[in-house]
$ cat model_3.csv   # CSV, C-alpha atoms and all ligand atoms
chain,number,residue,atom,x,y,z
A,1,MET,CA,7.7,285.8,132.1
A,2,TYR,CA,6.3,285.7,135.6
A,3,LYS,CA,3.2,283.8,136.8
A,4,ILE,CA,2.9,284.4,140.5
A,5,SER,CA,-0.1,283.4,142.5
A,6,ALA,CA,0.7,284.1,146.1
A,7,ASN,CA,-1.6,282.8,148.8
A,8,THR,CA,-1.8,286.2,150.5
A,9,SER,CA,-4.5,288.6,151.7
A,10,ILE,CA,-2.6,291.9,151.2
A,11,ILE,CA,0.9,291.9,149.7
A,12,GLY,CA,0.9,290.3,146.3
A,13,LYS,CA,-2.8,289.7,146.1
A,14,SER,CA,-2.6,291.7,142.9
A,15,VAL,CA,0.6,291.4,140.8
A,16,ILE,CA,1.4,293.5,137.8
A,17,TYR,CA,4.2,292.0,135.6
A,18,VAL,CA,6.1,294.4,133.3
A,19,PRO,CA,8.8,292.7,131.1
A,20,SER,CA,11.1,295.7,131.5
A,21,CYS,CA,11.1,299.0,133.3
A,22,HIS,CA,13.6,301.6,134.7
A,23,SER,CA,12.7,301.0,138.3
A,24,THR,CA,9.8,299.1,139.9
A,25,ASN,CA,9.7,301.7,142.7
A,26,ASP,CA,9.3,304.5,140.1
A,27,TYR,CA,6.8,302.5,138.0
A,28,LEU,CA,4.6,301.9,141.1
A,29,ASN,CA,4.9,305.5,142.1
A,30,GLN,CA,3.7,306.6,138.7
A,31,LEU,CA,0.9,304.2,138.9
A,32,ILE,CA,-0.4,305.4,142.3
A,33,SER,CA,-0.2,309.0,141.1
A,34,ASN,CA,-2.4,308.2,138.1
A,35,LYS,CA,-5.1,306.0,139.6
A,36,VAL,CA,-6.4,304.4,142.8
A,37,ILE,CA,-4.8,301.0,143.3
A,38,GLU,CA,-5.4,298.4,145.9
A,39,GLU,CA,-3.1,298.1,148.9
A,40,GLY,CA,-0.6,295.3,148.4
A,41,THR,CA,-0.4,295.7,144.6
A,42,THR,CA,3.0,294.5,143.5
A,43,VAL,CA,5.0,295.4,140.4
A,44,VAL,CA,7.5,292.8,139.2
A,45,THR,CA,9.9,293.0,136.3
A,46,SER,CA,12.4,290.7,134.7
A,47,ASP,CA,14.6,293.5,133.5
A,48,GLN,CA,15.1,296.6,135.6
A,49,THR,CA,17.3,299.0,133.7
A,50,LYS,CA,17.8,301.9,136.1
A,51,GLY,CA,17.3,300.4,139.6
A,52,ARG,CA,17.7,302.7,142.5
A,53,GLY,CA,19.4,301.8,145.8
A,54,GLN,CA,20.0,303.4,149.1
A,55,ARG,CA,22.2,306.5,149.5
A,56,GLY,CA,21.4,307.5,145.9
A,57,ASN,CA,23.3,304.5,144.5
A,58,ALA,CA,22.3,302.5,141.5
A,59,TRP,CA,21.0,298.9,141.9
A,60,GLU,CA,22.3,296.8,139.1
A,61,CYS,CA,21.2,293.3,138.2
A,62,GLN,CA,21.3,290.9,135.3
A,63,ALA,CA,18.0,290.6,133.3
A,64,ASP,CA,15.9,287.4,133.9
A,65,SER,CA,18.1,286.3,136.9
A,66,ASN,CA,16.8,288.0,140.1
A,67,ILE,CA,13.7,289.2,141.9
A,68,THR,CA,13.1,292.9,141.4
A,69,LEU,CA,9.8,294.0,142.7
A,70,SER,CA,8.0,296.8,144.6
A,71,CYS,CA,4.9,296.6,146.8
A,72,PHE,CA,2.4,299.4,147.5
A,73,LEU,CA,1.4,299.6,151.1
A,74,GLN,CA,-0.8,302.0,153.1
A,75,PRO,CA,0.3,301.5,156.7
A,76,HIS,CA,-1.9,304.3,158.1
A,77,PHE,CA,-1.5,302.7,161.5
A,78,ILE,CA,2.2,303.6,161.7
A,79,GLU,CA,3.2,307.0,163.1
A,80,ALA,CA,5.9,308.8,161.2
A,81,LYS,CA,8.2,308.5,164.3
A,82,ASP,CA,7.9,304.7,164.2
A,83,GLN,CA,8.7,304.3,160.5
A,84,PHE,CA,11.5,301.9,161.2
A,85,THR,CA,9.0,299.2,162.2
A,86,MET,CA,8.3,298.9,158.4
A,87,ASN,CA,12.0,298.2,157.8
A,88,ILE,CA,11.9,295.6,160.6
A,89,ALA,CA,8.9,293.7,159.2
A,90,VAL,CA,10.1,293.8,155.6
A,91,SER,CA,13.7,292.7,156.5
A,92,LEU,CA,12.2,289.8,158.4
A,93,GLY,CA,10.0,288.8,155.5
A,94,VAL,CA,13.0,288.7,153.2
A,95,TYR,CA,15.1,287.0,155.9
A,96,ASP,CA,12.4,284.2,156.3
A,97,THR,CA,12.5,283.7,152.6
A,98,ILE,CA,16.2,283.3,152.3
A,99,THR,CA,16.5,281.1,155.3
A,100,SER,CA,13.8,278.8,154.0
A,101,LEU,CA,15.7,278.5,150.7
A,102,TYR,CA,19.2,278.4,152.2
A,103,SER,CA,19.8,278.0,155.9
A,104,SER,CA,23.3,279.1,156.8
A,105,ASN,CA,24.5,282.3,158.3
A,106,VAL,CA,21.9,284.7,157.0
A,107,LYS,CA,22.0,288.1,158.7
A,108,ILE,CA,20.1,291.4,158.6
A,109,LYS,CA,22.5,294.3,158.5
A,110,TRP,CA,21.0,297.5,159.8
A,111,PRO,CA,19.0,299.1,158.5
A,112,ASN,CA,17.9,296.5,156.0
A,113,ASP,CA,20.5,294.7,153.9
A,114,ILE,CA,20.4,290.9,154.0
A,115,LEU,CA,23.8,289.2,154.0
A,116,ILE,CA,25.0,285.6,153.6
A,117,ASP,CA,28.5,285.1,155.1
A,118,ASN,CA,29.0,288.9,155.0
A,119,LYS,CA,28.1,289.2,151.3
A,120,LYS,CA,25.0,291.1,150.3
A,121,ILE,CA,22.2,289.0,148.8
A,122,CYS,CA,19.3,291.5,149.0
A,123,GLY,CA,18.8,295.2,149.1
A,124,ILE,CA,15.6,296.9,150.3
A,125,LEU,CA,14.5,300.5,149.4
A,126,ILE,CA,11.5,301.7,151.4
A,127,GLU,CA,10.0,305.0,150.4
A,128,ASN,CA,7.5,306.4,152.8
A,129,TYR,CA,5.1,309.3,152.1
A,130,LEU,CA,3.7,311.0,155.2
A,131,SER,CA,0.4,312.7,155.9
A,132,GLY,CA,0.4,314.6,159.1
A,133,ARG,CA,1.9,312.4,161.8
A,134,LYS,CA,1.2,309.1,159.9
A,135,ILE,CA,2.5,307.2,157.0
A,136,SER,CA,0.0,307.4,154.1
A,137,ASN,CA,1.7,305.4,151.4
A,138,SER,CA,4.8,303.3,151.3
A,139,ILE,CA,6.6,301.8,148.4
A,140,VAL,CA,8.7,298.8,149.4
A,141,GLY,CA,11.3,297.9,146.7
A,142,ILE,CA,13.2,294.6,147.0
A,143,GLY,CA,16.1,293.3,144.9
A,144,LEU,CA,16.9,289.7,145.8
A,145,ASN,CA,19.7,288.0,144.0
A,146,ILE,CA,18.7,284.5,142.9
A,147,ASN,CA,20.3,283.2,139.8
A,148,GLN,CA,23.0,285.8,139.0
A,149,THR,CA,26.4,284.1,138.5
A,150,SER,CA,28.8,286.9,139.2
A,151,PHE,CA,28.9,290.5,140.5
A,152,ASN,CA,31.4,293.3,139.8
A,153,GLY,CA,30.1,296.1,142.1
A,154,ASN,CA,32.1,297.8,144.8
A,155,PHE,CA,30.8,295.6,147.7
A,156,PRO,CA,30.9,291.9,148.2
A,157,ALA,CA,27.7,290.4,146.8
A,158,THR,CA,26.2,287.0,146.3
A,159,SER,CA,23.1,285.1,145.0
A,160,LEU,CA,21.4,281.9,145.9
A,161,PHE,CA,22.9,280.3,142.9
A,162,ILE,CA,26.4,281.2,144.0
A,163,GLU,CA,25.7,279.8,147.5
A,164,THR,CA,24.0,276.6,146.5
A,165,GLY,CA,25.2,275.9,142.9
A,166,LYS,CA,21.5,275.4,141.9
A,167,LYS,CA,19.3,277.5,139.7
A,168,MET,CA,16.0,278.4,141.3
A,169,ASN,CA,12.6,279.0,139.8
A,170,LEU,CA,11.9,282.8,140.0
A,171,ASN,CA,8.1,282.3,140.2
A,172,TYR,CA,8.4,280.0,143.2
A,173,ALA,CA,10.9,282.3,145.0
A,174,SER,CA,8.8,285.4,144.3
A,175,GLN,CA,5.7,283.7,145.6
A,176,LEU,CA,7.4,282.6,148.8
A,177,LEU,CA,8.8,286.2,149.3
A,178,LEU,CA,5.3,287.7,148.9
A,179,GLU,CA,3.8,285.2,151.3
A,180,ASN,CA,6.5,285.9,153.9
A,181,LEU,CA,6.2,289.7,153.5
A,182,ASP,CA,2.4,289.4,153.9
A,183,LYS,CA,2.8,287.4,157.1
A,184,ARG,CA,5.2,289.9,158.6
A,185,TYR,CA,3.0,292.8,157.5
A,186,HIS,CA,0.0,291.3,159.3
A,187,GLN,CA,2.1,290.9,162.5
A,188,LEU,CA,3.0,294.6,162.2
A,189,LYS,CA,-0.6,295.5,161.7
A,190,ASN,CA,-1.6,293.4,164.7
A,191,GLY,CA,0.8,295.4,166.8
A,192,GLU,CA,3.3,292.6,167.4
A,193,ILE,CA,6.2,295.1,167.5
A,194,ASP,CA,8.0,293.5,170.5
A,195,ARG,CA,8.1,290.1,168.8
A,196,LEU,CA,9.3,291.6,165.5
A,197,LYS,CA,12.0,293.6,167.2
A,198,ARG,CA,13.2,290.6,169.1
A,199,GLU,CA,13.4,288.5,165.9
A,200,TYR,CA,15.2,291.4,164.2
A,201,TYR,CA,17.8,291.5,166.9
A,202,ASP,CA,18.1,287.7,167.0
A,203,ASN,CA,19.2,287.8,163.4
A,204,MET,CA,21.0,291.2,163.2
A,205,PHE,CA,24.6,291.4,161.9
A,206,TRP,CA,27.1,292.3,164.7
A,207,PHE,CA,24.3,292.6,167.3
A,208,GLN,CA,26.1,292.9,170.7
A,209,GLU,CA,29.4,292.0,169.0
A,210,GLU,CA,32.4,294.2,168.6
A,211,GLY,CA,32.9,295.5,165.0
A,212,LEU,CA,34.7,298.3,163.1
A,213,PHE,CA,32.6,301.3,162.1
A,214,GLU,CA,33.2,304.5,160.2
A,215,GLU,CA,31.4,307.7,161.2
A,216,VAL,CA,31.0,310.8,159.1
A,217,ASN,CA,31.7,314.0,161.1
A,218,PRO,CA,29.6,317.1,160.4
A,219,ASP,CA,32.6,318.6,158.5
A,220,GLY,CA,32.6,315.6,156.2
A,221,THR,CA,35.7,313.9,157.6
A,222,ARG,CA,35.5,310.3,158.4
A,223,GLU,CA,36.7,308.4,161.5
A,224,ARG,CA,36.9,304.7,162.2
A,225,PHE,CA,36.2,303.2,165.6
A,226,ASN,CA,35.5,299.9,167.3
A,227,GLY,CA,32.2,299.6,168.9
A,228,VAL,CA,29.4,297.2,170.0
A,229,ILE,CA,25.8,297.5,168.6
A,230,LEU,CA,23.4,297.8,171.5
A,231,GLY,CA,20.2,298.1,169.4
A,232,VAL,CA,18.1,300.4,167.2
A,233,ASN,CA,16.0,303.1,168.8
A,234,ASP,CA,12.4,304.1,168.0
A,235,TYR,CA,13.6,306.5,165.3
A,236,GLY,CA,15.6,303.8,163.5
A,237,CYS,CA,19.0,305.1,164.7
A,238,ILE,CA,21.5,302.5,165.6
A,239,SER,CA,23.0,302.7,169.1
A,240,ILE,CA,26.7,301.9,169.3
A,241,ALA,CA,28.8,301.7,172.5
A,242,LYS,CA,32.3,303.0,171.7
A,243,GLU,CA,35.5,301.7,173.3
A,244,ASN,CA,35.5,304.7,175.7
A,245,LYS,CA,32.0,303.5,176.8
A,246,GLU,CA,30.3,306.5,175.2
A,247,VAL,CA,27.0,305.4,173.5
A,248,LYS,CA,26.1,307.2,170.3
A,249,HIS,CA,23.0,307.1,168.2
A,250,TYR,CA,23.5,307.3,164.4
A,251,ALA,CA,21.0,307.8,161.7
A,252,PHE,CA,21.4,306.1,158.3
A,253,LYS,CA,24.2,307.7,156.3
A,254,GLU,CA,26.0,308.9,159.5
A,255,VAL,CA,27.8,305.6,160.1
A,256,LYS,CA,28.7,302.4,158.3
A,257,HIS,CA,30.0,299.0,159.1
A,258,ILE,CA,33.5,298.3,157.9
A,259,TYR,CA,33.9,294.6,157.1
B,301,LIG,C1,20.1,299.0,148.4
B,301,LIG,O1,20.8,299.9,148.0
B,301,LIG,O2,20.5,298.1,149.0
B,301,LIG,C2,18.6,299.0,148.0
B,301,LIG,C3,18.4,298.3,146.7
B,301,LIG,C4,16.9,298.2,146.3
B,301,LIG,C5,16.7,297.6,144.9
B,301,LIG,C6,15.3,297.4,144.6
B,301,LIG,S1,15.1,296.4,143.1
B,301,LIG,C7,13.4,296.7,143.1
B,301,LIG,C8,13.2,298.2,143.6
B,301,LIG,N1,13.3,299.1,142.5
B,301,LIG,C9,14.3,299.9,142.6
B,301,LIG,O3,14.6,300.8,141.8
B,301,LIG,N2,15.0,299.6,143.7
B,301,LIG,C10,14.4,298.6,144.4

$ encode --input "model_3.csv" --output "structure tokens"
Amino acid sequence: MYKISANTSIIGKSVIYVPSCHSTNDYLNQLISNKVIEEGTTVVTSDQTKGRGQRGNAWECQADSNITLSCFLQPHFIEAKDQFTMNIAVSLGVYDTITSLYSSNVKIKWPNDILIDNKKICGILIENYLSGRKISNSIVGIGLNINQTSFNGNFPATSLFIETGKKMNLNYASQLLLENLDKRYHQLKNGEIDRLKREYYDNMFWFQEEGLFEEVNPDGTRERFNGVILGVNDYGCISIAKENKEVKHYAFKEVKHIY
């Protein structure tokens, strides 16, 4: 049972705890379609039974072990073309939380996975709804592995418990997460985009380093190449310089890191 009292002015000011649900993103979506709720309202569960991940994947996690929550935001100040700034602010909020609980080798993997030593500790699913040229509503879903002891998915994963050998209080970790997200959201609202981008790059996995990537061609075939990440453009596409010096911009789903 959660008892979160985050010291925040938007994100987590109001917290709805549900013991079990299919997906906190879906629960929150249902809630906003039925009634008017305050910006920042956060749905937390201890047992998410049909969690959704990026690329249509499932997000699986043990009950009572991890943070699974979704926040309702209304970032009307963000133009549709700048949507990626939300990913940047949210990734940094999660990054801040993990680094304050565990300090070694935490990285943000574009677009917004958080890794410790190349193993995924957190997944973020941001679902934006547009009205004209602006974002009207945004549902920010976060799955942060805290006390889970083992993983058997098809990518290397970890939890704070696996890294530190210590169980952590979920109320405390959730509170910290909401406070960090709130802080980063305020920076975004205040237009501190350059600062947020700089910090995102400072902590980005493989930024300006050579790595192996796999690109999906329009005919569905896949090709591996070595390249260097140069940055992320305004549309959220990653820019990679290939060995032949050609620079290509890839949207999410068009390229992945191979590691
Ligand atoms: C990913 O694939 O990396 C994104 C995973 C996002 C999981 C979180 S858990 C809370 C929220 N509810 C969901 O159904 N998904 C997100």

$ residues_around --input "model_3.csv" --residues "A:His22" --least-positions-apart "3" --cutoff "10 Å" --atoms "all atoms listed in the file" --output "list of chain:residue names"
A:Asn25, A:Asp26, A:Tyr27, A:Thr45, A:Asp47, A:Gln48, A:Thr49, A:Lys50, A:Gly51, A:Arg52

$ residues_around --input "model_3.csv" --residues "A:Val247" --least-positions-apart "6" --cutoff "10 Å" --atoms "only C-alpha atoms" --output "list of chain:residue names"
A:Gly227, A:Val228, A:Ile229, A:Leu230, A:Ser239, A:Ile240, A:Ala241

$ residues_near_ligand --input "model_3.csv" --ligand "ligand LIG 301 (chain B)" --cutoff "8 Å" --atoms "all atoms listed in the file" --output "PyMOL selection string"
chain A and resi 22-26+48+50-59+67-70+112-113+122-125+140-144

$ closest_residue --input "model_3.csv" --among "A:Ser91, A:Thr97, A:Ser136, A:Asn34" --to "A:Gln74" --atoms "only C-alpha atoms"
A:Ser136

$ atom_distance --input "model_3.csv" --atom1 "atom CA of A:Lys81" --atom2 "atom CA of A:Lys134"
8.3 Å

$ atom_distance --input "model_3.csv" --atom1 "atom CA of A:Lys120" --atom2 "atom CA of A:Cys71"
21.1 Å

$ atom_distance --input "model_3.csv" --atom1 "atom CA of A:Ile135" --atom2 "atom CA of A:Tyr185"
14.4 Å

$ residues_around --input "model_3.csv" --residues "A:Leu130" --least-positions-apart "5" --cutoff "12 Å" --atoms "all atoms listed in the file" --output "PDB file with C-alpha atoms, keeping the file's coordinate frame"
ATOM      1  CA  GLN A  74      -0.800 302.000 153.100  1.00  0.00           C
ATOM      2  CA  PRO A  75       0.300 301.500 156.700  1.00  0.00           C
ATOM      3  CA  HIS A  76      -1.900 304.300 158.100  1.00  0.00           C
ATOM      4  CA  PHE A  77      -1.500 302.700 161.500  1.00  0.00           C
ATOM      5  CA  ILE A  78       2.200 303.600 161.700  1.00  0.00           C
ATOM      6  CA  GLU A  79       3.200 307.000 163.100  1.00  0.00           C
ATOM      7  CA  ALA A  80       5.900 308.800 161.200  1.00  0.00           C
ATOM      8  CA  LYS A  81       8.200 308.500 164.300  1.00  0.00           C
ATOM      9  CA  ASP A  82       7.900 304.700 164.200  1.00  0.00           C
ATOM     10  CA  GLN A  83       8.700 304.300 160.500  1.00  0.00           C
ATOM     11  CA  ILE A 135       2.500 307.200 157.000  1.00  0.00           C
ATOM     12  CA  SER A 136       0.000 307.400 154.100  1.00  0.00           C
ATOM     13  CA  ASN A 137       1.700 305.400 151.400  1.00  0.00           C
ATOM     14  CA  SER A 138       4.800 303.300 151.300  1.00  0.00           C
ATOM     15  CA  ILE A 139       6.600 301.800 148.400  1.00  0.00           C
TER      16      ILE A 139
END

$ residues_around --input "model_3.csv" --residues "A:Asn152" --least-positions-apart "4" --cutoff "10 Å" --atoms "all atoms listed in the file" --output "PyMOL selection string"
chain A and resi 60+156-157

$ write_last_selection --input "model_3.csv" --atoms "C-alpha atoms" --output "mmCIF file, in the coordinates of the input"
data_model
loop_
_atom_site.group_PDB
_atom_site.id
_atom_site.type_symbol
_atom_site.label_atom_id
_atom_site.label_comp_id
_atom_site.auth_asym_id
_atom_site.auth_seq_id
_atom_site.Cartn_x
_atom_site.Cartn_y
_atom_site.Cartn_z
ATOM 1 C CA GLU A 60 22.300 296.800 139.100
ATOM 2 C CA PRO A 156 30.900 291.900 148.200
ATOM 3 C CA ALA A 157 27.700 290.400 146.800
#

$ closest_residue --input "model_3.csv" --among "A:Asn169, A:Asn154, A:Ser131, A:Asn29" --to "A:Ile4" --atoms "all atoms listed in the file"
A:Asn169

$ residues_around --input "model_3.csv" --residues "stretch 101-103 of chain A" --least-positions-apart "3" --cutoff "9 Å" --atoms "all atoms listed in the file" --output "PyMOL selection string"
chain A and resi 96-98+106+160+163-164+173

$ closest_residue --input "model_3.csv" --among "A:Asn118, A:Ser174, A:Ser9, A:Thr99" --to "A:Val43" --atoms "all atoms listed in the file"
A:Ser174

$ closest_residue --input "model_3.csv" --among "A:Lys183, A:Phe207, A:Pro111, A:Leu73" --to "A:Ala251" --atoms "only C-alpha atoms"
A:Pro111

$ closest_residue --input "model_3.csv" --among "A:Phe252, A:Trp206, A:Tyr200, A:Phe213" --to "A:Thr85" --atoms "all atoms listed in the file"
A:Tyr200

$ closest_residue --input "model_3.csv" --among "A:Val232, A:Ile11, A:Leu178, A:Ile88" --to "A:Gln208" --atoms "all atoms listed in the file"
A:Val232
